[in-house]
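Student: Structure provided below as structure tokens; questions to follow.
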Amino acid sequence: MKIKLWKYFIDEESTEKWLNDLAAEGLNCVGSGFLMHKYYFEQDQPGEYTYRIVILDHAMGHPETTRYLNFLREGGVEYIASGYRHFILRKKTADGPFELHTDRASLIKKNKTLMNFAIVTALILLPIIALNVGVTIMHLVNRHIYTTLMVFINAMGAAVCFVLFVIMCTQWRRYALRKRRLQEEGAIHE
Amino acid sequence: MNERGALTEGVYMILVSLLTPRHGYAVMQNVEALTNGRVVMGAGTLYGAINNLLEKKWIVSAGNNPESRKKEYVITPKGMETLQYEILRLGELLQIGMEGMKNSANSEMPGKKQGEAYEN
């Protein structure tokens, strides 16, 4: 029986942890939809698979992505689902550890991609916040036309987007620090 | 980019592994076996490295293995030349290190913890 769950995560690391925690209990992710906010699970042996989420340079269908996934399949890595450039992959736990990036250069690149995603999301939120704040002010000024409820809805919209904006900026900073540390270590170790 | 620069551990191990034709996953297993599990290459890292080496023409695709139908790779003369140079370079480094240790007063302390030798 397929189980469907909706979930929103701000980063792929939390999603990955969530998928692995569920897999450890025997709920294996077998698909995803709605830009990776809807997940399908099947009940099976606990701990059979290890899941990883990767961000690739191109979306599904691009020849480079197909080549990469074919390469991974030779090593026992199974493609599960994708949403834009995010991919859910899994490997049988019995086949050994499942790490995709083990060298400094790819770890730096991975953190850079995560930084870009965080900053792009934050930048998309900015005009939405501005719009919400603007409409709220407009409603406040024209109190004789608009109700308190309208003001409240718009103000709440602005507040929620602002909180998301702050979270995205924090995420960006976290990845930026991680990237810098990797680069600094690179001056000493390979 | 300097063609004579030090190779990363990953690239070095891939070149050594591809002295015999192997497919990607076999390279990963070989590297792990040769280093007793110390160097474990992630599939993504290996993919990137193999593509870079193909581009540099240090390795070439050797076709598909008839049994497993997996794509195999093998080192080229250019790759071989690089590897030989790197082995000489590493040998030189090893020798310099050994000589340095031999001439150092603190060298006969294999049991000492890291850093202790500098406190004397």
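Following the order of the structure tokens, chains are lettered A, B, ..., residues in each are numbered from 1, and ligands are numbered from 1.
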Show me which bits of chain B are within 9 Å of chain A, counting only C-alpha atoms, as a list in words.
Tutor: Thr8, Glu9, Gly10, His23, Gly24, Tyr25, Ala26, Met28, Val40, Met41, Gly42, Ala43, Gly44, Thr45, Leu46, Tyr47, Gly48, Lys70 and Lys71 of chain B
Student: Mind the document's chain letters and residue numbers, and return as a PyMOL selection string the residues of stretch 19-92 of chain B that DSSP labels strand (DSSP E).
Tutor: chain B and resi 22-23+59-64+71-75
Student: Only N, CA, C and O atoms, please: the residues just picked out, written as a CSV table (one decimal), in the first residue's frame.
Tutor:
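Now in selection_10.csv:
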```
chain,number,residue,atom,x,y,z
B,22,ARG,N,38.9,-0.9,-16.5
B,22,ARG,CA,37.9,-1.1,-15.4
B,22,ARG,C,36.7,-0.2,-15.6
B,22,ARG,O,36.8,0.9,-16.2
B,23,HIS,N,35.5,-0.6,-15.1
B,23,HIS,CA,34.4,0.3,-15.2
B,23,HIS,C,34.4,1.1,-13.9
B,23,HIS,O,35.1,0.8,-12.9
B,59,ILE,N,42.8,9.3,-19.9
B,59,ILE,CA,42.1,8.0,-19.9
B,59,ILE,C,41.2,8.1,-21.2
B,59,ILE,O,40.8,9.2,-21.6
B,60,VAL,N,40.8,6.9,-21.7
B,60,VAL,CA,39.8,6.8,-22.7
B,60,VAL,C,38.8,5.7,-22.4
B,60,VAL,O,39.1,4.9,-21.6
B,61,SER,N,37.7,5.8,-23.1
B,61,SER,CA,36.7,4.8,-22.9
B,61,SER,C,37.2,3.6,-23.7
B,61,SER,O,37.6,3.7,-24.8
B,62,ALA,N,37.1,2.4,-23.0
B,62,ALA,CA,37.6,1.2,-23.6
B,62,ALA,C,36.4,0.3,-24.1
B,62,ALA,O,36.5,-0.9,-24.2
B,63,GLY,N,35.3,1.0,-24.3
B,63,GLY,CA,34.1,0.2,-24.7
B,63,GLY,C,33.3,-0.4,-23.6
B,63,GLY,O,33.7,-0.2,-22.4
B,64,ASN,N,32.3,-1.2,-23.9
B,64,ASN,CA,31.5,-1.8,-22.8
B,64,ASN,C,32.0,-3.2,-22.5
B,64,ASN,O,32.4,-4.0,-23.4
B,71,LYS,N,30.4,0.5,-19.0
B,71,LYS,CA,31.4,1.2,-19.7
B,71,LYS,C,32.7,1.1,-19.0
B,71,LYS,O,32.8,1.5,-17.8
B,72,GLU,N,33.7,0.7,-19.8
B,72,GLU,CA,35.1,0.6,-19.1
B,72,GLU,C,36.0,1.7,-19.6
B,72,GLU,O,35.8,2.3,-20.7
B,73,TYR,N,37.0,2.0,-18.8
B,73,TYR,CA,38.0,3.1,-19.1
B,73,TYR,C,39.4,2.5,-19.0
B,73,TYR,O,39.6,1.5,-18.2
B,74,VAL,N,40.3,3.1,-19.7
B,74,VAL,CA,41.7,2.6,-19.6
B,74,VAL,C,42.6,3.9,-19.7
B,74,VAL,O,42.3,4.8,-20.4
B,75,ILE,N,43.8,3.8,-19.1
B,75,ILE,CA,44.8,4.9,-19.2
B,75,ILE,C,45.4,5.0,-20.6
B,75,ILE,O,45.5,4.0,-21.3
```
Student: Report as a PyMOL selection string all protein, DNA and RNA residues lying within 12 Å of stretch 81-85 of chain B, evaluated on only C-alpha atoms, omitting residues in the same chain fewer than 3 positions from it.
Tutor: chain B and resi 2-9+11-19+53+56-59+75-78+88-92
Student: Counting only C-alpha atoms, figure out which residue out of A:Gln171, A:Gln43, A:Asn111, A:Thr50 gets nearest to A:Gln183.
Tutor: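 Checking each of A:Gln171, A:Gln43, A:Asn111, A:Thr50 against A:Gln183, counting only C-alpha atoms, the winner is A:Asn111.
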Student: Got a sec to tell me which of chain B DSSP assigns to helix (DSSP H, G or I), as a PyMOL selection string?
Tutor: chain B and resi 9-17+24-34+43-55+77-103+116-119
Student: Neighbours of A:Ala59 within 12 Å (only C-alpha atoms; same-chain residues fewer than 6 positions away dropped), as a list in words?
Tutor: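 Everything that qualifies: Leu35, Thr65, Thr66, Tyr68, Leu69, Ala81, Ser82, Gly83, Tyr84, Arg85, His86 and Phe87 of chain A.
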Student: Output all heavy atoms for every residue in the selection just made, as an mmCIF file, in the first residue's frame.
Tutor:
```
data_model
loop_
_atom_site.group_PDB
_atom_site.id
_atom_site.type_symbol
_atom_site.label_atom_id
_atom_site.label_comp_id
_atom_site.auth_asym_id
_atom_site.auth_seq_id
_atom_site.Cartn_x
_atom_site.Cartn_y
_atom_site.Cartn_z
ATOM 1 N N LEU A 35 6.965 19.354 -6.952
ATOM 2 C CA LEU A 35 8.295 19.928 -6.683
ATOM 3 C C LEU A 35 8.866 19.479 -5.344
ATOM 4 O O LEU A 35 9.380 20.261 -4.556
ATOM 5 C CB LEU A 35 8.254 21.447 -6.755
ATOM 6 C CG LEU A 35 8.278 22.027 -8.159
ATOM 7 C CD1 LEU A 35 8.041 23.521 -8.125
ATOM 8 C CD2 LEU A 35 9.603 21.723 -8.868
ATOM 9 N N THR A 65 22.403 14.849 -17.325
ATOM 10 C CA THR A 65 21.763 14.225 -16.167
ATOM 11 C C THR A 65 21.571 12.732 -16.414
ATOM 12 O O THR A 65 21.844 11.906 -15.538
ATOM 13 C CB THR A 65 20.407 14.896 -15.900
ATOM 14 O OG1 THR A 65 20.634 16.287 -15.710
ATOM 15 C CG2 THR A 65 19.720 14.322 -14.682
ATOM 16 N N THR A 66 21.140 12.386 -17.628
ATOM 17 C CA THR A 66 20.926 10.979 -17.979
ATOM 18 C C THR A 66 22.242 10.210 -17.870
ATOM 19 O O THR A 66 22.286 9.122 -17.303
ATOM 20 C CB THR A 66 20.398 10.866 -19.432
ATOM 21 O OG1 THR A 66 19.327 11.792 -19.570
ATOM 22 C CG2 THR A 66 19.917 9.475 -19.748
ATOM 23 N N TYR A 68 24.840 10.958 -16.022
ATOM 24 C CA TYR A 68 25.227 10.879 -14.609
ATOM 25 C C TYR A 68 24.439 9.783 -13.899
ATOM 26 O O TYR A 68 25.008 8.958 -13.185
ATOM 27 C CB TYR A 68 24.981 12.237 -13.937
ATOM 28 C CG TYR A 68 25.419 12.306 -12.504
ATOM 29 C CD1 TYR A 68 26.764 12.246 -12.160
ATOM 30 C CD2 TYR A 68 24.497 12.441 -11.470
ATOM 31 C CE1 TYR A 68 27.177 12.323 -10.849
ATOM 32 C CE2 TYR A 68 24.894 12.517 -10.149
ATOM 33 C CZ TYR A 68 26.236 12.457 -9.837
ATOM 34 O OH TYR A 68 26.638 12.536 -8.533
ATOM 35 N N LEU A 69 23.118 9.759 -14.142
ATOM 36 C CA LEU A 69 22.281 8.762 -13.473
ATOM 37 C C LEU A 69 22.627 7.340 -13.943
ATOM 38 O O LEU A 69 22.600 6.408 -13.156
ATOM 39 C CB LEU A 69 20.793 9.066 -13.704
ATOM 40 C CG LEU A 69 20.278 10.352 -13.026
ATOM 41 C CD1 LEU A 69 18.828 10.599 -13.379
ATOM 42 C CD2 LEU A 69 20.449 10.293 -11.508
ATOM 43 N N ALA A 81 13.109 9.965 -7.631
ATOM 44 C CA ALA A 81 12.246 11.041 -8.103
ATOM 45 C C ALA A 81 13.050 12.319 -8.226
ATOM 46 O O ALA A 81 14.182 12.404 -7.740
ATOM 47 C CB ALA A 81 11.105 11.265 -7.124
ATOM 48 N N SER A 82 12.483 13.311 -8.885
ATOM 49 C CA SER A 82 13.163 14.597 -8.961
ATOM 50 C C SER A 82 12.151 15.722 -8.990
ATOM 51 O O SER A 82 10.991 15.537 -9.348
ATOM 52 C CB SER A 82 14.050 14.660 -10.207
ATOM 53 O OG SER A 82 13.251 14.750 -11.356
ATOM 54 N N GLY A 83 12.605 16.891 -8.563
ATOM 55 C CA GLY A 83 11.805 18.098 -8.640
ATOM 56 C C GLY A 83 12.755 19.201 -9.059
ATOM 57 O O GLY A 83 13.699 19.506 -8.343
ATOM 58 N N TYR A 84 12.578 19.711 -10.267
ATOM 59 C CA TYR A 84 13.512 20.672 -10.853
ATOM 60 C C TYR A 84 14.915 20.057 -10.847
ATOM 61 O O TYR A 84 15.112 19.005 -11.451
ATOM 62 C CB TYR A 84 13.427 22.023 -10.135
ATOM 63 C CG TYR A 84 14.290 23.094 -10.762
ATOM 64 C CD1 TYR A 84 14.379 23.228 -12.144
ATOM 65 C CD2 TYR A 84 15.032 23.961 -9.969
ATOM 66 C CE1 TYR A 84 15.182 24.189 -12.720
ATOM 67 C CE2 TYR A 84 15.836 24.934 -10.533
ATOM 68 C CZ TYR A 84 15.910 25.040 -11.909
ATOM 69 O OH TYR A 84 16.714 25.987 -12.469
ATOM 70 N N ARG A 85 15.896 20.635 -10.132
ATOM 71 C CA ARG A 85 17.244 20.079 -10.163
ATOM 72 C C ARG A 85 17.567 19.213 -8.941
ATOM 73 O O ARG A 85 18.681 18.748 -8.775
ATOM 74 C CB ARG A 85 18.265 21.217 -10.289
ATOM 75 C CG ARG A 85 18.361 21.751 -11.722
ATOM 76 C CD ARG A 85 19.096 23.064 -11.748
ATOM 77 N NE ARG A 85 20.379 22.979 -11.075
ATOM 78 C CZ ARG A 85 21.096 24.039 -10.709
ATOM 79 N NH1 ARG A 85 20.658 25.250 -10.955
ATOM 80 N NH2 ARG A 85 22.244 23.883 -10.104
ATOM 81 N N HIS A 86 16.577 19.017 -8.062
ATOM 82 C CA HIS A 86 16.776 18.184 -6.880
ATOM 83 C C HIS A 86 16.410 16.737 -7.216
ATOM 84 O O HIS A 86 15.338 16.499 -7.782
ATOM 85 C CB HIS A 86 15.898 18.669 -5.730
ATOM 86 C CG HIS A 86 16.313 20.008 -5.194
ATOM 87 N ND1 HIS A 86 16.336 21.143 -5.963
ATOM 88 C CD2 HIS A 86 16.739 20.361 -3.958
ATOM 89 C CE1 HIS A 86 16.752 22.151 -5.219
ATOM 90 N NE2 HIS A 86 17.009 21.710 -4.000
ATOM 91 N N PHE A 87 17.278 15.818 -6.840
ATOM 92 C CA PHE A 87 17.037 14.413 -7.150
ATOM 93 C C PHE A 87 17.080 13.562 -5.888
ATOM 94 O O PHE A 87 17.964 13.745 -5.053
ATOM 95 C CB PHE A 87 18.107 13.883 -8.124
ATOM 96 C CG PHE A 87 17.965 14.439 -9.506
ATOM 97 C CD1 PHE A 87 18.321 15.748 -9.776
ATOM 98 C CD2 PHE A 87 17.449 13.659 -10.528
ATOM 99 C CE1 PHE A 87 18.171 16.274 -11.055
ATOM 100 C CE2 PHE A 87 17.299 14.169 -11.806
ATOM 101 C CZ PHE A 87 17.659 15.479 -12.070
#
```
Student: Excluding stretch 12-29 of chain A and any residue of its chain fewer than 4 positions from it, enumerate the residues within 10 Å of it, using only C-alpha atoms, and give them as number ranges by chain.
Tutor: A: 2-4, 7-8, 36-37, 39-55, 80-81, 86-90, 114
Student: Using only C-alpha atoms, pick whichever of A:Ala122, A:Ile108, A:Val166, A:Leu5 has the shortest atom-to-atom distance to A:Leu182.
Tutor: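 Selected residue with least distance to A:Leu182: A:Ile108.
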Student: Calculated over only C-alpha atoms, which of the candidates A:Arg173, A:Val133, A:Ala187, A:Lys109 has the smallest distance to A:Leu56?
Tutor: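 Using only C-alpha atoms, A:Leu56 sits closest to A:Lys109.
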Student: One number please: atom CA of A:Met150 to atom CA of A:Thr136, in Å, one decimal.
Tutor: 7.9 Å
